[in-house]
Every structure is written in structure tokens, then in C-alpha cells.
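File shown: work29.txt. Contents: compact mmCIF, C-alpha atoms and all ligand atoms.
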```txt
# COMPACT_ATOMS: atom_id res chain seq x y z
CA MET G 92 6.42 11.52 -19.89
CA LYS G 93 6.56 7.77 -20.26
CA ILE G 94 5.98 6.40 -16.78
CA LEU G 95 6.36 2.88 -15.42
CA ILE G 96 4.05 2.19 -12.49
CA THR G 97 4.92 -1.10 -10.77
CA GLY G 98 2.33 -2.98 -8.72
CA GLY G 99 -0.51 -1.18 -10.47
CA ALA G 100 -2.86 -4.17 -10.20
CA GLY G 101 -2.61 -4.09 -6.41
CA PHE G 102 -4.54 -1.95 -3.96
CA ILE G 103 -2.68 1.38 -3.88
CA GLY G 104 -1.06 0.91 -7.29
CA SER G 105 -4.46 0.60 -8.99
CA HIS G 106 -5.53 3.96 -7.51
CA VAL G 107 -2.22 5.54 -8.53
CA ALA G 108 -2.52 4.16 -12.08
CA ARG G 109 -6.11 5.45 -12.33
CA TRP G 110 -5.11 8.86 -10.96
CA PHE G 111 -2.29 9.29 -13.48
CA VAL G 112 -4.23 7.91 -16.47
CA GLU G 113 -7.18 10.20 -15.74
CA ASN G 114 -5.26 13.34 -14.81
CA TYR G 115 -2.39 13.15 -17.32
CA PRO G 116 -3.79 12.22 -20.73
CA GLU G 117 -0.52 13.45 -22.29
CA TYR G 118 1.54 10.83 -20.39
CA SER G 119 1.96 7.26 -21.41
CA ILE G 120 1.42 4.97 -18.43
CA VAL G 121 2.64 1.38 -18.32
CA ASN G 122 1.35 -0.73 -15.44
CA LEU G 123 3.72 -3.61 -14.66
CA ASP G 124 2.46 -6.29 -12.29
CA GLN G 125 3.20 -9.95 -11.71
CA LEU G 126 -0.41 -10.59 -10.65
CA THR G 127 0.46 -12.42 -7.45
CA TYR G 128 -2.39 -13.38 -5.11
CA ALA G 129 -2.64 -9.64 -4.27
CA GLY G 130 -2.75 -8.34 -7.84
CA ASN G 131 -5.93 -8.42 -9.82
CA LEU G 132 -6.73 -6.99 -13.24
CA GLU G 133 -10.28 -6.38 -12.05
CA ASN G 134 -8.78 -3.53 -10.00
CA VAL G 135 -7.95 -1.65 -13.22
CA ARG G 136 -10.62 -2.95 -15.58
CA ASP G 137 -11.91 0.60 -16.14
CA LEU G 138 -8.49 1.63 -17.53
CA GLU G 139 -8.42 -1.04 -20.25
CA GLY G 140 -8.56 0.45 -23.72
CA ARG G 141 -7.50 3.96 -22.61
CA SER G 142 -5.06 5.36 -25.18
CA ASN G 143 -2.50 6.46 -22.55
CA TYR G 144 -2.55 3.17 -20.62
CA ARG G 145 -1.05 -0.25 -21.11
CA PHE G 146 -0.65 -3.32 -18.87
CA GLU G 147 2.44 -5.58 -18.84
CA LYS G 148 2.64 -8.78 -16.79
CA GLY G 149 6.03 -9.58 -15.29
CA ASP G 150 8.33 -9.85 -12.32
CA ILE G 151 10.30 -6.82 -11.07
CA ALA G 152 13.08 -9.16 -9.88
CA ASP G 153 13.63 -10.59 -13.39
CA LEU G 154 16.62 -8.58 -14.65
CA GLU G 155 16.41 -9.55 -18.32
CA PHE G 156 12.67 -8.95 -18.46
CA ILE G 157 13.01 -5.50 -16.88
CA ARG G 158 15.82 -4.61 -19.30
CA GLU G 159 13.58 -5.59 -22.24
CA LEU G 160 10.70 -3.60 -20.79
CA PHE G 161 12.83 -0.43 -20.52
CA ASN G 162 14.09 -0.94 -24.09
CA LYS G 163 10.54 -1.41 -25.34
CA HIS G 164 8.99 1.62 -23.61
CA ASP G 165 11.97 3.94 -22.93
CA PHE G 166 10.57 5.20 -19.62
CA ASP G 167 11.42 8.66 -18.24
CA GLY G 168 9.94 7.99 -14.83
CA VAL G 169 9.30 5.10 -12.47
CA ILE G 170 6.73 5.05 -9.67
CA HIS G 171 7.56 1.86 -7.83
CA LEU G 172 4.88 0.24 -5.67
CA ALA G 173 5.18 -3.49 -6.45
CA ALA G 174 5.91 -5.37 -3.25
CA GLU G 175 4.88 -8.09 -0.90
CA SER G 176 2.89 -5.95 1.51
CA HIS G 177 1.29 -8.01 4.27
CA VAL G 178 3.07 -8.17 7.64
CA ASP G 179 1.47 -11.48 8.69
CA ARG G 180 2.63 -13.18 5.50
CA SER G 181 6.15 -11.85 6.09
CA ILE G 182 6.14 -13.73 9.40
CA THR G 183 5.11 -17.04 7.82
CA ASP G 184 7.13 -16.66 4.58
CA PRO G 185 9.87 -14.00 4.92
CA LEU G 186 12.07 -14.87 1.95
CA ILE G 187 9.63 -13.87 -0.77
CA PHE G 188 9.67 -10.41 0.88
CA VAL G 189 13.44 -10.25 0.55
CA ARG G 190 13.27 -11.36 -3.07
CA THR G 191 10.51 -9.03 -4.23
CA ASN G 192 11.06 -5.98 -2.05
CA VAL G 193 14.86 -5.88 -1.87
CA MET G 194 16.01 -7.70 -5.02
CA GLY G 195 13.10 -6.41 -7.11
CA THR G 196 13.85 -2.81 -6.14
CA GLY G 197 17.56 -3.40 -6.80
CA VAL G 198 16.80 -4.68 -10.31
CA LEU G 199 14.60 -1.68 -11.13
CA LEU G 200 17.25 0.75 -9.88
CA GLN G 201 20.05 -0.96 -11.78
CA VAL G 202 18.11 -1.12 -15.05
CA ALA G 203 16.97 2.53 -14.74
CA LYS G 204 20.60 3.55 -14.21
CA GLU G 205 21.82 1.47 -17.16
CA HIS G 206 19.02 2.49 -19.48
CA TRP G 207 19.38 6.19 -18.73
CA LYS G 208 23.14 5.84 -19.34
CA ASP G 209 23.93 8.15 -16.45
CA ASP G 210 22.19 11.04 -18.24
CA PHE G 211 19.44 11.74 -15.78
CA THR G 212 17.98 14.95 -17.22
CA GLY G 213 14.19 14.80 -16.99
CA LYS G 214 14.29 11.39 -15.31
CA LYS G 215 12.84 10.36 -11.95
CA PHE G 216 12.72 7.21 -9.80
CA TYR G 217 10.05 7.37 -7.08
CA HIS G 218 9.90 4.68 -4.39
CA VAL G 219 6.60 4.30 -2.53
CA SER G 220 7.45 3.11 0.95
CA THR G 221 5.95 2.70 4.39
CA ASP G 222 6.10 4.30 7.83
CA GLU G 223 6.87 0.83 9.25
CA VAL G 224 10.56 1.33 8.42
CA TYR G 225 10.73 3.65 11.45
CA GLY G 226 9.74 0.88 13.86
CA SER G 227 7.23 1.35 16.63
CA LEU G 228 6.22 4.28 18.89
CA GLU G 229 5.09 4.26 22.51
CA LEU G 230 1.45 5.16 23.18
CA GLY G 231 1.35 8.97 23.23
CA GLY G 232 5.08 9.06 22.41
CA GLY G 233 5.62 11.50 19.54
CA PHE G 234 5.49 11.02 15.78
CA PHE G 235 7.60 9.62 12.95
CA THR G 236 9.35 12.45 11.10
CA GLU G 237 11.64 12.20 8.07
CA GLU G 238 14.56 12.34 10.53
CA THR G 239 13.43 9.38 12.66
CA ALA G 240 16.09 6.65 12.60
CA TYR G 241 15.17 3.45 10.77
CA ASP G 242 14.30 0.63 13.17
CA PRO G 243 12.22 -1.94 11.26
CA LYS G 244 10.90 -4.83 13.29
CA SER G 245 9.09 -7.27 10.97
CA PRO G 246 10.51 -9.06 7.93
CA TYR G 247 8.15 -6.90 5.83
CA SER G 248 9.36 -3.59 7.26
CA ALA G 249 12.99 -4.74 7.20
CA SER G 250 12.65 -5.57 3.49
CA LYS G 251 11.08 -2.16 2.82
CA ALA G 252 13.86 -0.48 4.83
CA GLY G 253 16.40 -2.40 2.74
CA SER G 254 14.73 -1.19 -0.46
CA ASP G 255 14.69 2.43 0.81
CA HIS G 256 18.42 2.18 1.59
CA LEU G 257 19.14 0.85 -1.90
CA VAL G 258 17.16 3.70 -3.48
CA ARG G 259 19.10 6.31 -1.46
CA ALA G 260 22.38 4.55 -2.23
CA TYR G 261 21.71 4.76 -5.98
CA GLY G 262 20.90 8.45 -5.50
CA HIS G 263 24.05 9.10 -3.49
CA THR G 264 26.52 6.94 -5.41
CA PHE G 265 25.32 7.28 -9.01
CA GLY G 266 23.32 10.50 -8.86
CA LEU G 267 20.11 8.67 -9.81
CA PRO G 268 17.27 11.21 -9.40
CA ILE G 269 15.30 9.56 -6.62
CA VAL G 270 12.50 10.51 -4.26
CA ILE G 271 10.91 8.41 -1.50
CA SER G 272 7.68 8.67 0.46
CA ASN G 273 6.80 6.79 3.63
CA CYS G 274 3.07 6.51 4.21
CA SER G 275 0.86 5.32 7.05
CA ASN G 276 -1.92 2.68 6.83
CA ASN G 277 -4.16 3.04 3.78
CA TYR G 278 -7.78 1.95 3.45
CA GLY G 279 -10.37 2.14 0.67
CA PRO G 280 -11.77 0.22 -2.32
CA TYR G 281 -9.80 -2.66 -3.88
CA GLN G 282 -7.79 -3.49 -0.74
CA PHE G 283 -7.19 -7.22 -0.52
CA PRO G 284 -9.31 -8.70 2.31
CA GLU G 285 -6.34 -9.90 4.35
CA LYS G 286 -5.79 -6.38 5.77
CA LEU G 287 -7.74 -5.26 8.83
CA ILE G 288 -10.49 -3.07 7.35
CA PRO G 289 -11.59 -5.12 4.29
CA LEU G 290 -11.17 -8.40 6.20
CA PHE G 291 -13.44 -7.18 8.97
CA ILE G 292 -16.07 -5.74 6.59
CA ASN G 293 -16.13 -9.08 4.76
CA ASN G 294 -16.43 -11.00 8.03
CA ILE G 295 -19.19 -8.74 9.36
CA VAL G 296 -21.18 -9.24 6.17
CA ASN G 297 -20.74 -13.02 6.44
CA ASN G 298 -21.30 -13.17 10.23
CA LYS G 299 -17.81 -14.56 10.80
CA PRO G 300 -15.58 -13.89 13.83
CA LEU G 301 -13.55 -10.65 13.86
CA PRO G 302 -10.05 -11.78 14.98
CA VAL G 303 -8.57 -8.96 17.09
CA TYR G 304 -4.87 -9.51 17.77
CA GLY G 305 -3.83 -9.28 21.43
CA GLU G 306 -5.80 -6.71 23.41
CA GLY G 307 -6.69 -4.57 20.38
CA ILE G 308 -4.76 -1.61 21.82
CA ASN G 309 -2.26 -1.21 18.96
CA VAL G 310 -2.58 2.13 17.20
CA ARG G 311 -2.52 2.79 13.46
CA ASP G 312 -2.76 6.11 11.58
CA TRP G 313 -5.27 5.72 8.72
CA LEU G 314 -5.35 7.48 5.35
CA TYR G 315 -7.87 7.13 2.50
CA VAL G 316 -6.08 5.58 -0.46
CA VAL G 317 -7.03 8.29 -2.97
CA ASP G 318 -5.42 10.87 -0.67
CA HIS G 319 -2.24 8.76 -0.87
CA ALA G 320 -2.49 8.75 -4.70
CA ARG G 321 -2.89 12.55 -4.64
CA ALA G 322 0.18 12.86 -2.43
CA ILE G 323 2.19 10.64 -4.82
CA ASP G 324 1.19 12.93 -7.71
CA VAL G 325 2.31 16.04 -5.79
CA ILE G 326 5.61 14.46 -4.68
CA PHE G 327 6.35 12.98 -8.12
CA HIS G 328 5.92 16.37 -9.78
CA GLN G 329 7.05 18.83 -7.10
CA GLY G 330 9.12 16.85 -4.61
CA LYS G 331 12.81 17.75 -4.35
CA LEU G 332 15.10 15.09 -5.76
CA GLY G 333 16.91 13.11 -3.10
CA GLU G 334 14.28 13.96 -0.48
CA THR G 335 11.94 11.86 1.63
CA TYR G 336 8.34 12.85 2.42
CA ASN G 337 6.17 11.32 5.12
CA ILE G 338 2.48 10.93 4.21
CA GLY G 339 -0.26 10.59 6.81
CA GLY G 340 -3.66 11.87 7.80
CA HIS G 341 -3.21 12.70 11.53
CA ASN G 342 -5.80 10.02 12.13
CA GLU G 343 -4.73 7.63 14.89
CA TRP G 344 -7.03 4.88 16.09
CA ARG G 345 -6.64 2.04 18.56
CA ASN G 346 -7.62 -1.09 16.63
CA ILE G 347 -10.47 -1.94 18.97
CA ASP G 348 -11.98 1.56 18.72
CA LEU G 349 -11.76 1.52 14.94
CA ILE G 350 -13.33 -1.95 14.84
CA LYS G 351 -16.27 -0.73 16.92
CA VAL G 352 -16.87 2.19 14.51
CA LEU G 353 -16.64 -0.25 11.59
CA CYS G 354 -19.21 -2.53 13.27
CA ARG G 355 -21.57 0.39 13.96
CA LEU G 356 -21.41 1.82 10.42
CA THR G 357 -21.76 -1.58 8.75
CA ASP G 358 -24.69 -2.54 10.99
CA GLU G 359 -26.41 0.73 10.01
CA LYS G 360 -25.84 0.11 6.31
CA LEU G 361 -27.07 -3.49 6.59
CA ALA G 362 -30.04 -2.40 8.73
CA ARG G 363 -28.93 -4.77 11.49
CA ALA G 364 -29.74 -4.22 15.15
CA ALA G 365 -27.30 -1.84 16.86
CA GLY G 366 -24.48 -3.78 18.52
CA SER G 367 -25.02 -7.02 16.61
CA SER G 368 -21.66 -7.10 14.77
CA GLU G 369 -19.67 -6.24 17.90
CA GLN G 370 -20.63 -9.68 19.15
CA LEU G 371 -18.41 -11.13 16.43
CA ILE G 372 -15.28 -9.62 18.04
CA THR G 373 -12.94 -12.47 19.03
CA TYR G 374 -9.63 -11.82 20.75
CA VAL G 375 -6.91 -14.06 19.27
CA LYS G 376 -3.21 -14.67 19.82
CA ASP G 377 -1.19 -11.54 19.15
CA ARG G 378 0.89 -11.03 15.97
CA ALA G 379 4.54 -11.95 16.67
CA GLY G 380 6.56 -8.78 17.26
CA HIS G 381 3.40 -6.65 16.84
CA ASP G 382 4.37 -2.95 16.47
CA LEU G 383 2.49 -0.98 19.13
CA ARG G 384 1.89 2.38 17.46
CA TYR G 385 2.48 4.19 14.18
CA ALA G 386 1.86 7.94 13.83
CA ILE G 387 3.07 10.20 11.05
CA ASP G 388 4.13 13.82 11.17
CA ALA G 389 3.30 14.92 7.60
CA SER G 390 4.09 18.62 8.13
CA LYS G 391 6.96 18.65 5.59
CA LEU G 392 4.62 17.50 2.82
CA GLU G 393 1.86 19.84 3.98
CA GLN G 394 4.06 22.91 4.36
CA GLU G 395 6.50 22.48 1.46
CA LEU G 396 4.19 20.96 -1.15
CA GLY G 397 0.74 22.08 0.06
CA TRP G 398 -0.83 18.61 0.27
CA LYS G 399 -3.42 17.75 2.88
CA PRO G 400 -5.90 14.88 3.24
CA SER G 401 -9.31 15.59 1.70
CA LEU G 402 -11.57 13.18 3.61
CA GLN G 403 -12.66 12.85 7.21
CA PHE G 404 -12.26 9.29 8.54
CA GLU G 405 -15.96 8.39 8.95
CA GLU G 406 -16.63 9.71 5.45
CA GLY G 407 -13.82 7.58 3.96
CA LEU G 408 -14.85 4.57 6.01
CA GLY G 409 -18.47 5.00 4.84
CA LEU G 410 -17.37 5.11 1.18
CA THR G 411 -15.21 2.04 1.74
CA ILE G 412 -17.98 -0.01 3.38
CA ASP G 413 -20.40 1.00 0.58
CA TRP G 414 -17.87 -0.13 -2.02
CA TYR G 415 -17.35 -3.56 -0.41
CA LEU G 416 -21.11 -4.05 0.00
CA LYS G 417 -21.62 -3.26 -3.70
CA ASN G 418 -18.70 -5.36 -4.94
CA LYS G 419 -19.36 -8.78 -3.40
CA GLU G 420 -18.39 -10.44 -6.68
CA TRP G 421 -14.96 -8.77 -6.54
CA LEU G 422 -14.54 -10.09 -3.00
CA GLN G 423 -15.48 -13.59 -4.07
CA ASN G 424 -13.10 -13.52 -7.01
CA VAL G 425 -10.07 -12.34 -5.04
CA THR G 426 -10.60 -14.71 -2.16
CA SER G 427 -9.50 -17.85 -3.96
CA GLY G 428 -9.42 -21.30 -2.40
CA THR G 429 -5.72 -21.02 -1.62
CA TYR G 430 -6.21 -17.72 0.13
CA ARG G 431 -9.14 -19.03 2.19
CA GLN G 432 -7.01 -21.94 3.37
CA TYR G 433 -4.16 -19.61 4.38
CA TYR G 434 -6.55 -17.39 6.28
CA GLU G 435 -8.36 -20.19 8.07
CA ASN G 436 -5.03 -21.64 9.34
CA GLN G 437 -3.90 -18.25 10.68
CA TYR G 438 -5.79 -17.78 13.90
CA THR G 439 -5.53 -19.62 17.16
CA LYS G 440 -8.28 -18.63 19.58
CA ARG G 441 -6.87 -17.35 22.89
P1 LIG G 501 -0.70 -4.93 -2.56
O1 LIG G 501 -0.18 -6.17 -1.93
O2 LIG G 501 -2.16 -4.68 -2.61
O3 LIG G 501 -0.17 -4.84 -4.06
C1 LIG G 501 1.13 -5.19 -4.44
C2 LIG G 501 1.15 -5.44 -5.94
O4 LIG G 501 2.50 -5.79 -6.31
C3 LIG G 501 0.25 -6.59 -6.38
O5 LIG G 501 -0.53 -6.21 -7.48
C4 LIG G 501 1.24 -7.69 -6.77
O6 LIG G 501 0.76 -8.53 -7.82
C5 LIG G 501 2.44 -6.88 -7.21
N1 LIG G 501 3.70 -7.63 -7.11
C6 LIG G 501 4.14 -8.37 -6.06
N2 LIG G 501 5.31 -8.94 -6.36
C7 LIG G 501 5.64 -8.54 -7.62
C8 LIG G 501 6.74 -8.78 -8.46
N3 LIG G 501 7.76 -9.57 -8.08
N4 LIG G 501 6.78 -8.19 -9.68
C9 LIG G 501 5.74 -7.41 -10.09
N5 LIG G 501 4.66 -7.16 -9.33
C10 LIG G 501 4.60 -7.71 -8.10
O7 LIG G 501 0.07 -3.76 -1.84
P2 LIG G 501 -0.42 -2.28 -1.47
O8 LIG G 501 -1.04 -2.29 -0.15
O9 LIG G 501 -1.14 -1.70 -2.63
O10 LIG G 501 1.01 -1.56 -1.34
C11 LIG G 501 1.65 -1.01 -2.47
C12 LIG G 501 2.95 -0.38 -2.04
O11 LIG G 501 2.71 0.64 -1.09
C13 LIG G 501 3.92 -1.37 -1.38
O12 LIG G 501 5.21 -1.05 -1.80
C14 LIG G 501 3.74 -1.11 0.11
O13 LIG G 501 4.92 -1.40 0.81
C15 LIG G 501 3.45 0.39 0.10
N6 LIG G 501 2.63 0.86 1.23
C16 LIG G 501 1.44 0.26 1.54
C17 LIG G 501 0.65 0.79 2.56
C18 LIG G 501 -0.69 0.17 2.94
O14 LIG G 501 -1.29 0.57 3.91
N7 LIG G 501 -1.20 -0.79 2.19
C19 LIG G 501 1.09 1.91 3.28
C20 LIG G 501 2.32 2.49 2.94
C21 LIG G 501 3.07 1.96 1.89
O1 LIG G 502 1.73 1.43 8.14
C1 LIG G 502 1.73 1.08 6.80
C2 LIG G 502 1.52 -0.41 6.64
O2 LIG G 502 0.18 -0.68 6.98
C3 LIG G 502 1.82 -0.90 5.23
O3 LIG G 502 3.20 -0.69 4.96
C4 LIG G 502 1.49 -2.39 5.09
O4 LIG G 502 1.69 -2.79 3.75
C5 LIG G 502 0.02 -2.56 5.45
O5 LIG G 502 -0.31 -3.93 5.39
C6 LIG G 502 -0.25 -2.01 6.85
O6 LIG G 502 0.39 -2.84 7.87
P1 LIG G 502 -0.37 -3.24 9.23
O7 LIG G 502 0.24 -4.45 9.76
O8 LIG G 502 -0.50 -2.05 10.12
O9 LIG G 502 -1.85 -3.52 8.62
P2 LIG G 502 -2.93 -4.69 8.91
O10 LIG G 502 -4.18 -4.28 8.19
O11 LIG G 502 -2.36 -6.02 8.65
O12 LIG G 502 -3.17 -4.55 10.47
C7 LIG G 502 -3.64 -3.34 11.04
C8 LIG G 502 -3.71 -3.55 12.56
O13 LIG G 502 -4.77 -4.47 12.85
C9 LIG G 502 -2.46 -4.15 13.14
O14 LIG G 502 -2.24 -3.60 14.45
C10 LIG G 502 -2.78 -5.64 13.26
C11 LIG G 502 -4.28 -5.64 13.53
N1 LIG G 502 -5.02 -6.79 13.00
C12 LIG G 502 -4.86 -7.09 11.67
C13 LIG G 502 -5.54 -8.16 11.12
C14 LIG G 502 -5.34 -8.51 9.66
C15 LIG G 502 -5.89 -7.51 13.80
O15 LIG G 502 -6.05 -7.21 15.00
N2 LIG G 502 -6.56 -8.55 13.25
C16 LIG G 502 -6.42 -8.92 11.94
O16 LIG G 502 -7.04 -9.89 11.49
```
With the file now loaded, output its structure as C-alpha cells.
Ligand code: NAD
Ligand code: DAU
Amino acid sequence: MKILITGGAGFIGSHVARWFVENYPEYSIVNLDQLTYAGNLENVRDLEGRSNYRFEKGDIADLEFIRELFNKHDFDGVIHLAAESHVDRSITDPLIFVRTNVMGTGVLLQVAKEHWKDDFTGKKFYHVSTDEVYGSLELGGGFFTEETAYDPKSPYSASKAGSDHLVRAYGHTFGLPIVISNCSNNYGPYQFPEKLIPLFINNIVNNKPLPVYGEGINVRDWLYVVDHARAIDVIFHQGKLGETYNIGGHNEWRNIDLIKVLCRLTDEKLARAAGSSEQLITYVKDRAGHDLRYAIDASKLEQELGWKPSLQFEEGLGLTIDWYLKNKEWLQNVTSGTYRQYYENQYTKR
């Protein structure tokens, strides 16, 4: 197969690209990424020069460019991850989320449909989406299933919901062979240090405050990124066309509890006195419209396609901390001046 992976220089996309390049030498993989602040070729440096891999720089919302790209490579499959992905940024700058996530997905769908000339044999369009489209759960109040009604609450999740709807509409109206997955919070190597876990590891290392939003009682359901890449492989190859699969690790944590584990493990690895990093915890103004709880019921994926997570949380967290401690240069390179400025303006102490 000739597969287009979009967003493959980002966090999850780089793991997906690596997984497919390493496990499917017979495929030809094209990684398309605009290299925004979140995309970094250092994330896929190890793939450079591999015979089944190629990088293309470009914008998914640029119709003519995407048409040329399909003509050049004649893709059979698309695994679409490129997006604006950070909820806080969607609150300060919503429109880029609409452009990239909604328009960009629309362009990819339209060009796939045109290029495949309505002959969809052997073709597949896979949209990688998020559990945030389902909205927010009460504490202890059930799980998101594939039947949960969409109820997105941030500009980010609304734009991802919009893109999911477009993907299903192309499936329903034109018969485009689509599949969608909605995954919970990922963590692991190469995650941009604006997201909770890498931001806090970075701040612990540098003895900077750990900005906990609100009371720290919001709950997220964490999955190691390589387990997400494995799930994408299984769904891409075995998922039923037209279906949606939820992906999650049954691993719910209140933010404040997770942060304390992160402090403990990092202190141990840095040989710091027990409890020293917890002193960096600083409660700050809550995120506007902060979703209280996400929790995924992944039983459809587990029962129908046989996937299950491979790592326990402390094991995955340990690997992640080790990676960030070893890759300080990567951290320095991705945290550019512009990014630092954005981040420093973000927090108002309560
Ligand atoms: P990320 O921000 O790390 O990476 C996104 C990538 O998309 C970057 O490399 C960026 O350069 C690229 N990109 C952005 N705009 C583009 C454009 N217009 N054209 C081409 N490339 C563009 O994001 P991530 O955390 O790796 O998320 C990847 C996908 O997975 C997203 O669709 C996100 O919604 C979804 N997702 C993420 C999580 C999570 O926990 N991070 C969970 C579930 C689903
Ligand atoms: O659920 C899947 C989603 O998970 C993905 O679709 C998004 O792309 C991804 O960014 C993530 O969204 P969250 O908003 O849950 O992730 P984030 O790491 O930004 O925040 C996790 C929790 O930690 C959330 O409750 C907000 C809180 N938080 C976050 C930051 C960055 C803090 O308390 N302080 C912080 O500095």
C-alpha cells in the first residue's frame, strides 16, 4: 500500500509513522506535515533514509497542494492525524483550529474522493480523533462509548467533532471507505512540552512552578503513545469500514494524584530528596470551560479486534521521564523563544 500519514512530525504521528515504517517494509509511507510549532523533524530523524519512507512539507488545508501530492504518490490509504491539538491554544486562538482541523480534513476527504474517482476498492481513509468530542463526564459517572452523543465543549473538541462529522458524511454520502478512532489522553516520548506530563517533567527538572489548573480534581484517562500507534495499526487493517472505535487504557487519574506520582518518580530518578518537587505545585486559575472527566470504554476494540494496552501506567511514566531526562537537547530545541513567551503569559497565579 501507498499510505499518506498526516501530522507525522508531531507527537502521536511520529510514533505512528515509525510503527508503520518499521512493521510494514512493503508499504510506502509518506509523512506530510506543515512543521508548525508542534511539528519537528527531530521526532522522525531515525526514519530518514529508510527506503519505504519519505517526508513532504505542506499544509493539509491547501487544496491544490494536496491534489498535487495525491497525483505524485497515488495513495491507497490515508491515516490522518495532522491537527491543532492543544486545548489551551484553542481558547486563545480558535480560528486556526477551525482552519486546520475542519477545513484541512475537508480538503483531504475531497481530494481522496476525487483522486480515487469513486472507485474505492482497496482504499481507506482513517481519521484519528479524540474522546473530547463526547464532552465531559461527571466524577464516577460512566464511560464514553461509541454510542455516546457528541457534546464538544472547547473550540479544539468542537473542531475535532466537526472533522469527525465530515468524515462520516463523506462515508455516508459518497461511500468513501472511512474509519474513525477516538482516543483518550496520550503520553510518552516526543510530546510537545505544552501538555501536562512533558510540561511538568520539564518544570520539575528546571525547578520551575507546576501550574495546576483549578483544584487539580479533573480526571483524565492516560494511554502510552505506542499503545495508541498499535491500536491504529489494528484498526487500519482490521477495523470495519464505516465504524468508530474508542481507544483507551482504563487508566483514570485525577490531575493532582498523577502530578504527585510524577514528582515522586522524577525525584527518585534525579536523586532528589523525597517530596522536594511537590513543593513546586502551584494552583493557578482554572482553564476556561475545563472538562471535568474523560473515561473511555474500549471494550469494542478489545473484544472485536483483540487490542489491549501493553504497559502499566508507572512503567510507561518511568520510560517517559527517562526519555525526557536523556533528551534535554530535544526539549531545548522545541521550546523556541516564541513558545516560551506564549507559555510565560499563560498563567495567572490564584
Ligand atoms: P501534535 O500537536 O503533537 O501534532 C500535530 C502535527 O500536525 C504537528 O506535527 C503539526 O506540524 C501538524 N500540523 C498542524 N497543522 C497542519 C497543517 N495545516 N498541515 C499539515 N500538518 C499540520 O498533536 P498530537 O498530540 O500528536 O495529536 C495528533 C492527532 O491525534 C490529532 O489529530 C489529535 O486531535 C489526535 N489526538 C491526540 C491525543 C493526545 O492526547 N495528544 C489524543 C487523542 C487524539
Ligand atoms: O483526551 C484527549 C485529548 O487529550 C487530546 O485530544 C488533546 O489533543 C490533548 O491535548 C489532551 O487534552 P487535555 O486538555 O486533556 O490535555 P492537557 O495535557 O492539556 O491537560 C491535561 C489535564 O491537565 C487537563 O485537565 C488540564 C490540566 N493541566 C494542563 C496543563 C497544560 C493543568 O492542570 N496544568 C497545565 O499546565
Exercise for the section: Provide the atom CA of G:Val169 to atom CA of G:Lys286 distance in Å, to one decimal place. Expected result: 26.3 Å
I'd like a table as a tab-separated table: residues in chain G with an atom no more than 8 Å from ligand LIG 502 (chain G), each row giving the shortest atom pair and its distance in Å to one decimal, all atoms listed in the file counted, sorted by chain and rising residue number.
```
residue	atom	partner	partner_atom	distance
G:Glu175	CA	G:LIG502	O4	7.7
G:Ser176	CA	G:LIG502	O4	4.1
G:His177	CA	G:LIG502	O5	4.5
G:Val178	CA	G:LIG502	O7	5.1
G:Asp179	CA	G:LIG502	O11	6.7
G:Ser220	CA	G:LIG502	O3	7.0
G:Thr221	CA	G:LIG502	O3	4.4
G:Asp222	CA	G:LIG502	O1	5.2
G:Glu223	CA	G:LIG502	O1	5.3
G:Tyr247	CA	G:LIG502	O4	7.9
G:Ser248	CA	G:LIG502	O3	7.2
G:Cys274	CA	G:LIG502	C1	6.2
G:Ser275	CA	G:LIG502	O1	4.1
G:Asn276	CA	G:LIG502	O2	4.0
G:Asn277	CA	G:LIG502	O2	6.6
G:Glu285	CA	G:LIG502	C14	5.6
G:Lys286	CA	G:LIG502	O10	3.6
G:Leu287	CA	G:LIG502	O10	3.7
G:Ile288	CA	G:LIG502	O10	6.5
G:Leu290	CA	G:LIG502	C14	6.8
G:Phe291	CA	G:LIG502	O16	7.4
G:Leu301	CA	G:LIG502	O16	7.0
G:Pro302	CA	G:LIG502	O16	5.0
G:Val303	CA	G:LIG502	O15	3.7
G:Tyr304	CA	G:LIG502	O15	3.8
G:Gly305	CA	G:LIG502	O15	7.1
G:Gly307	CA	G:LIG502	O15	6.0
G:Asn309	CA	G:LIG502	O14	5.1
G:Val310	CA	G:LIG502	O14	6.4
G:Arg311	CA	G:LIG502	O8	6.2
G:Asp312	CA	G:LIG502	O1	7.3
G:Asn346	CA	G:LIG502	O13	5.8
G:Ile347	CA	G:LIG502	O15	7.9
G:Asp377	CA	G:LIG502	O15	7.7
G:Arg378	CA	G:LIG502	C10	7.1
G:His381	CA	G:LIG502	O14	6.8
G:Asp382	CA	G:LIG502	O14	6.9
G:Leu383	CA	G:LIG502	O14	7.2
G:Arg384	CA	G:LIG502	O14	7.9
G:Tyr385	CA	G:LIG502	O1	6.7
```
Practice task
Pick out the closest residue to G:Lys215 from this set: G:Thr264, G:Gln125, G:Gln329, G:Asn293. Count only C-alpha atoms.
Solution key: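 For G:Lys215, the nearest of the candidates is G:Gln329.
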Practice task
For atom CA of G:Leu95 and atom CA of G:Asp210, quote the distance in Å rounded to one decimal.
Solution key: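 Spanning atom CA of G:Leu95 to atom CA of G:Asp210 is a straight-line distance of 18.0 Å.
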Practice task
Would you mind telling me which residue in G:Asn143, G:Asn294, G:Asn131, G:Ser119 lies nearest to ligand LIG 501 (chain G) when using all atoms listed in the file?
Solution key: G:Asn131
Problem - Expected answer as a PyMOL selection string: all residues with atoms within 9 Å of (14.4, 10.6, -1.8), all atoms listed in the file - result: chain G and resi 216-218+255+258-259+262+268-272+330-336
Handout entry: Cut-off 7 Å, all atoms listed in the file, neighbours of ligand LIG 501 (chain G) as number ranges by chain
Key = G: 97-104, 123-131, 149-152, 172-177, 191, 195, 219-222, 251, 273-278, 282-283
Fill in the blank from the handout: The residue from G:Val325, G:Leu314, G:Leu230, G:Leu138 with the smallest atom-to-atom distance to G:Glu393, counting all atoms listed in the file, is G:Val325
Handout entry: Residue with smallest distance to G:Glu395 - pool G:Met194, G:Ile94, G:Ile326, G:Leu228, counting only C-alpha atoms
Key = G:Ile326
Problem - Surrounding residues of G:Leu353 excluding itself and chain neighbours under 6 positions, 10 Å, all atoms listed in the file, as a PyMOL selection string - result: chain G and resi 288+291-292+295+347+359+368-369+405+408-409+412
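When atom CA of G:Leu356 is paired with atom CA of G:Tyr415, their separation reads 12.8 Å.
Checking G:Gln370, G:Gly232, G:Val202, G:Val296 one by one against G:Asp413, counting all atoms listed in the file, you find the shortest gap at G:Val296.
Between G:Pro400 and the candidates G:Tyr225, G:Tyr241, G:Tyr315, G:Phe111, the tightest atom-to-atom separation, counting only C-alpha atoms, involves G:Tyr315.
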Exercise for the section: Excluding G:Phe235 and residues on its chain fewer than 2 positions from it, collect all residues at most 6 Å away from it, counting only C-alpha atoms, and give them as a list in words. Expected result: Thr239, Ile387 and Asp388 of chain G
Padded axis-aligned box of stretch 358-372 of chain G (6 Å per side), centre and edge lengths, Å, one decimal, as JSON:
```
{"center_x": -22.7, "center_y": -5.2, "center_z": 12.7, "size_x": 26.8, "size_y": 23.9, "size_z": 24.8}
```
